[in-house]
Amino acid sequence: MNLTPPTVEYGLVSPMLIVLGAAIVGVLVEAFLPRRMRYPVQLVVAIGAQVAALVAVCREWIDLGASAGQTTVMGAVAVDKPALFLQGTLLAVGILGTLLIAERRISSEVDPDGGATGLDAFTPQASTVPGSVAERLATKAGVAQTEIFPLTMFALSGMMLFSASQDLLTMFIALEVFSLPLYLLCGMARRRRLMSQEAALKYFLLGAFSSAFFLYGIALLYGYSGGLSLGGISDAVAANSDDTSLALVGVGLLSVGVLFKVGAVPFHSWIPDVYQGAPTPVTAFMAAATKIAAFGAMLRIFYVALPGLERDWRPLMWAIAILTMVVGTVAAVSQNNVKRMLAYSSISHAGFVMTGVIALNDSGLSATLFYLAAYGFSTLGAFAVVSVVRNADGEEETDMLAWAGLGRRHPLVGVVFSLFLLAFAGIPLTSGFVSKFAVFKAATEGGAAPLVIVGVIASAVAAYFYVRVIVLMFFTDPPEGGPTVVVPSSLSVATVTLSAAITLALGALPQPLLDLADSAAEFVR
């Protein structure tokens, strides 16, 4: 029997290989380097690899020119402009997220548990029992958790592959590659360890169920089309348009897995608990990057594999988008916890992004790409601000009532957080306004005007709870012993500053990125 060896065009997949290689190097660093050397080496490896991968993405974009792109690794991976746009966005968000994760500033004060207060969000030893003697000894010894860096790189490499997968089996592998590290990262909070571990367990169990649905959908679509490639499924739908029952069941099950990752209703229940319980830097990275990767995969599935079934899947997606916008917005109004409010806000934004997906035209594709980029930076910056607001015990202060007067005590922090909230609300001169206008315009062109009306009403209602926080920070008397802001190192300062600058720039001068997204509005088939 003659076996044909697989062909891999390493240059074309170099961005993903660089990040994956950095993850493997990070594992070796943990195994062989002394503990005192691990943190600086891991940080240099992680940031350096992401910058190198971003350069590789830019080079491939230039090399494509006017070409639609091509497939590589025997047709399993697409190298086209939508994939490169999403990979570049993931890497830019990943760099800022890594800087936030790398924050290790410790103050000289001692907390009631015997450890140092500060901005180190991660437990010194994740394997220890919360509150145990071993954990306290590790805290006093200043042990730093550095396994976080290779885990983040593994997650990022999986996200990059997920949005570029051209067949369903590769997409499933990428889904697991980025999901498993995130399950671990969610359980590594320094404080409120039990809540953090509960969040990790919920995410793992629900994620496993959604992956099973995804896999069942792949099996049914394979049975229908006889193959796993997205183009092959599209051809099978065109050739057998009279009998699509098996394909429709497969599409429904496949959609469950993707909708779970984007946090769409009714698959959203994990988001508030996980966002609240996970370490805030992990929440920031996950909230931004996971949505970008998952919507990238959703776009590829519906635009490449299933355009022939649009009359069947679009009504269902209409209903899910409306539910997501309404439920996310209504639930966010009643929240008294800042992280949970931002979590429900992310659910409503998933509904807004889905309006661009449902448009099923070039404008919808480019608008969705722009929305994902703009939303990613705003979300990262918002959670970065939350991470520096602390109470007297050194814990993150997420009780919304305790934020009263924060803008008076710390005007800069209040102004920056207000900027991100206004961007979420879609106020003009912020990236959020341009993003919503773009996806609503595309949806209208795609015949989804009623969906746009629901989106506009949901945006108006959402503005209430965003403005409520701003009023609380600047126009409400601060309580006794209100929260303080722990001065972060240059790492967190860089994350917040760059996120705020990008949010403003994309609101005031969005045209360069809009043009870039317009040029990326074509998938390779």
# chains A, B, ... in the order shown; residues from 1 in each chain; ligands from 1
$ residues_around --residues "A:Thr7" --least-positions-apart "2" --cutoff "10 Å" --atoms "only C-alpha atoms" --output "PyMOL selection string"
chain A and resi 4-5+9-10+72-75
$ residues_around --residues "stretch 194-200 of chain A" --least-positions-apart "5" --cutoff "7 Å" --atoms "only C-alpha atoms" --output "ChimeraX atom specification"
/A:130,183-184,186-189,273-274,277-278
$ write_last_selection --atoms "N, CA and C atoms" --output "short mmCIF file (atom, residue, chain, number, x, y, z; two decimals), in the first residue's frame"
data_model
loop_
_atom_site.label_atom_id
_atom_site.label_comp_id
_atom_site.auth_asym_id
_atom_site.auth_seq_id
_atom_site.Cartn_x
_atom_site.Cartn_y
_atom_site.Cartn_z
N PRO A 130 -7.49 25.77 48.10
CA PRO A 130 -7.71 27.17 48.49
C PRO A 130 -7.69 27.35 50.01
N TYR A 183 -10.02 26.65 30.02
CA TYR A 183 -10.63 26.02 31.19
C TYR A 183 -9.67 26.09 32.38
N LEU A 184 -8.40 25.84 32.12
CA LEU A 184 -7.41 25.88 33.20
C LEU A 184 -7.19 27.30 33.70
N CYS A 186 -9.12 29.80 33.79
CA CYS A 186 -10.23 30.37 34.55
C CYS A 186 -10.19 29.98 36.02
N GLY A 187 -9.49 28.91 36.38
CA GLY A 187 -9.45 28.46 37.76
C GLY A 187 -8.24 28.89 38.54
N MET A 188 -7.50 29.90 38.05
CA MET A 188 -6.23 30.26 38.67
C MET A 188 -6.24 31.59 39.40
N ALA A 189 -7.39 32.08 39.81
CA ALA A 189 -7.45 33.37 40.49
C ALA A 189 -6.75 33.31 41.85
N ASP A 273 -21.09 33.82 34.94
CA ASP A 273 -20.38 33.15 36.03
C ASP A 273 -18.89 33.02 35.74
N VAL A 274 -18.55 32.68 34.51
CA VAL A 274 -17.14 32.50 34.16
C VAL A 274 -16.41 33.83 34.12
N GLY A 277 -15.90 34.87 37.82
CA GLY A 277 -15.02 34.04 38.64
C GLY A 277 -13.59 33.95 38.14
N ALA A 278 -13.36 34.08 36.85
CA ALA A 278 -12.00 33.94 36.30
C ALA A 278 -11.15 35.14 36.71
#
$ closest_residue --among "A:Val496, A:Ile453, A:Ala462, A:Ile233" --to "A:Met341" --atoms "only C-alpha atoms"
A:Ala462
$ closest_residue --among "A:Gln42, A:Ser459, A:Thr497, A:Ser165" --to "A:Ile101" --atoms "only C-alpha atoms"
A:Gln42
$ select_by_dssp --residues "stretch 263-444 of chain A" --states "helix (DSSP H, G or I)" --output "JSON, numbers by chain"
{"A": [270, 271, 272, 273, 274, 275, 276, 277, 280, 281, 282, 283, 284, 285, 286, 287, 288, 289, 290, 291, 292, 293, 294, 295, 296, 297, 298, 299, 300, 301, 302, 303, 304, 305, 307, 308, 309, 310, 311, 312, 313, 314, 315, 316, 317, 318, 319, 320, 321, 322, 323, 324, 325, 326, 327, 328, 329, 330, 331, 332, 333, 338, 339, 340, 341, 342, 343, 344, 345, 346, 347, 348, 349, 350, 351, 352, 353, 354, 355, 356, 357, 358, 359, 362, 363, 364, 365, 366, 367, 368, 369, 370, 371, 372, 373, 374, 375, 376, 377, 378, 379, 380, 381, 382, 383, 384, 385, 386, 400, 401, 402, 403, 406, 407, 408, 409, 411, 412, 413, 414, 415, 416, 417, 418, 419, 420, 421, 422, 423, 424, 425, 431, 432, 433, 434, 435, 436, 437, 438, 439, 440, 441, 442, 443, 444]}
$ closest_residue --among "A:Val413, A:Ala23, A:Leu306, A:Ala53" --to "A:Gly381" --atoms "only C-alpha atoms"
A:Val413
$ closest_residue --among "A:Tyr464, A:Tyr344, A:Phe32, A:Trp403" --to "A:Ile427" --atoms "only C-alpha atoms"
A:Tyr464
$ select_by_dssp --residues "stretch 78-320 of chain A" --states "strand (DSSP E)" --output "list in words"
Ala78, Val79, Ile106, Ser107, Ser108, Glu109, Val110, Ala116, Thr117 and Gly118 of chain A
$ residues_around --residues "A:Leu253" --least-positions-apart "3" --cutoff "6 Å" --atoms "only C-alpha atoms" --output "PyMOL selection string"
chain A and resi 213-214+217+250+256
$ closest_residue --among "A:Leu412, A:Met400, A:Trp318, A:Ala505" --to "A:Val454" --atoms "only C-alpha atoms"
A:Trp318
$ residues_around --residues "stretch 287-297 of chain A" --least-positions-apart "3" --cutoff "7 Å" --atoms "only C-alpha atoms" --output "ChimeraX atom specification"
/A:86,90,93,159-160,162-163,258,261-262,283-284,300-301,372,376,379-380
$ atom_distance --atom1 "atom CA of A:Ala359" --atom2 "atom CA of A:Gly455"
13.6 Å
$ residues_around --residues "A:Met153" --least-positions-apart "4" --cutoff "10 Å" --atoms "only C-alpha atoms" --output "PyMOL selection string"
chain A and resi 18-24+26+45-47+49-50+94+98+148-149+157-159+178+181
$ residues_around --residues "A:Thr495" --least-positions-apart "5" --cutoff "9 Å" --atoms "only C-alpha atoms" --output "ChimeraX atom specification"
/A:95-97,99-100,380-381,384,490,500
$ write_last_selection --atoms "N, CA and C atoms" --output "mmCIF file, in the first residue's frame"
data_model
loop_
_atom_site.group_PDB
_atom_site.id
_atom_site.type_symbol
_atom_site.label_atom_id
_atom_site.label_comp_id
_atom_site.auth_asym_id
_atom_site.auth_seq_id
_atom_site.Cartn_x
_atom_site.Cartn_y
_atom_site.Cartn_z
ATOM 1 N N ILE A 95 -1.354 40.448 22.207
ATOM 2 C CA ILE A 95 -0.199 41.169 22.750
ATOM 3 C C ILE A 95 -0.618 42.008 23.958
ATOM 4 N N LEU A 96 -1.710 42.767 23.796
ATOM 5 C CA LEU A 96 -2.182 43.588 24.915
ATOM 6 C C LEU A 96 -2.682 42.714 26.061
ATOM 7 N N GLY A 97 -3.355 41.615 25.726
ATOM 8 C CA GLY A 97 -3.814 40.710 26.768
ATOM 9 C C GLY A 97 -2.673 40.070 27.533
ATOM 10 N N LEU A 99 0.281 41.428 28.023
ATOM 11 C CA LEU A 99 0.820 42.463 28.914
ATOM 12 C C LEU A 99 -0.002 42.557 30.189
ATOM 13 N N LEU A 100 -1.324 42.457 30.058
ATOM 14 C CA LEU A 100 -2.186 42.516 31.237
ATOM 15 C C LEU A 100 -2.003 41.272 32.107
ATOM 16 N N LEU A 380 -11.120 44.552 26.073
ATOM 17 C CA LEU A 380 -9.855 44.344 26.760
ATOM 18 C C LEU A 380 -9.546 45.515 27.682
ATOM 19 N N GLY A 381 -9.733 46.730 27.187
ATOM 20 C CA GLY A 381 -9.460 47.908 27.997
ATOM 21 C C GLY A 381 -10.396 48.044 29.184
ATOM 22 N N ALA A 384 -9.393 45.665 31.831
ATOM 23 C CA ALA A 384 -8.107 46.097 32.388
ATOM 24 C C ALA A 384 -8.313 47.181 33.440
ATOM 25 N N SER A 490 3.958 49.505 34.129
ATOM 26 C CA SER A 490 3.852 49.977 32.746
ATOM 27 C C SER A 490 3.133 48.977 31.852
ATOM 28 N N ALA A 500 -7.553 52.385 24.798
ATOM 29 C CA ALA A 500 -8.314 53.627 24.737
ATOM 30 C C ALA A 500 -7.994 54.413 23.469
#
$ residues_around --residues "A:Leu215" --least-positions-apart "6" --cutoff "10 Å" --atoms "only C-alpha atoms" --output "list in words"
Leu168, Leu169, Phe172, Phe209, Leu221, Gly250, Leu253, Leu254 and Gly257 of chain A
$ closest_residue --among "A:Ala350, A:Val524, A:Val326, A:Ala463" --to "A:Ala305" --atoms "only C-alpha atoms"
A:Val524
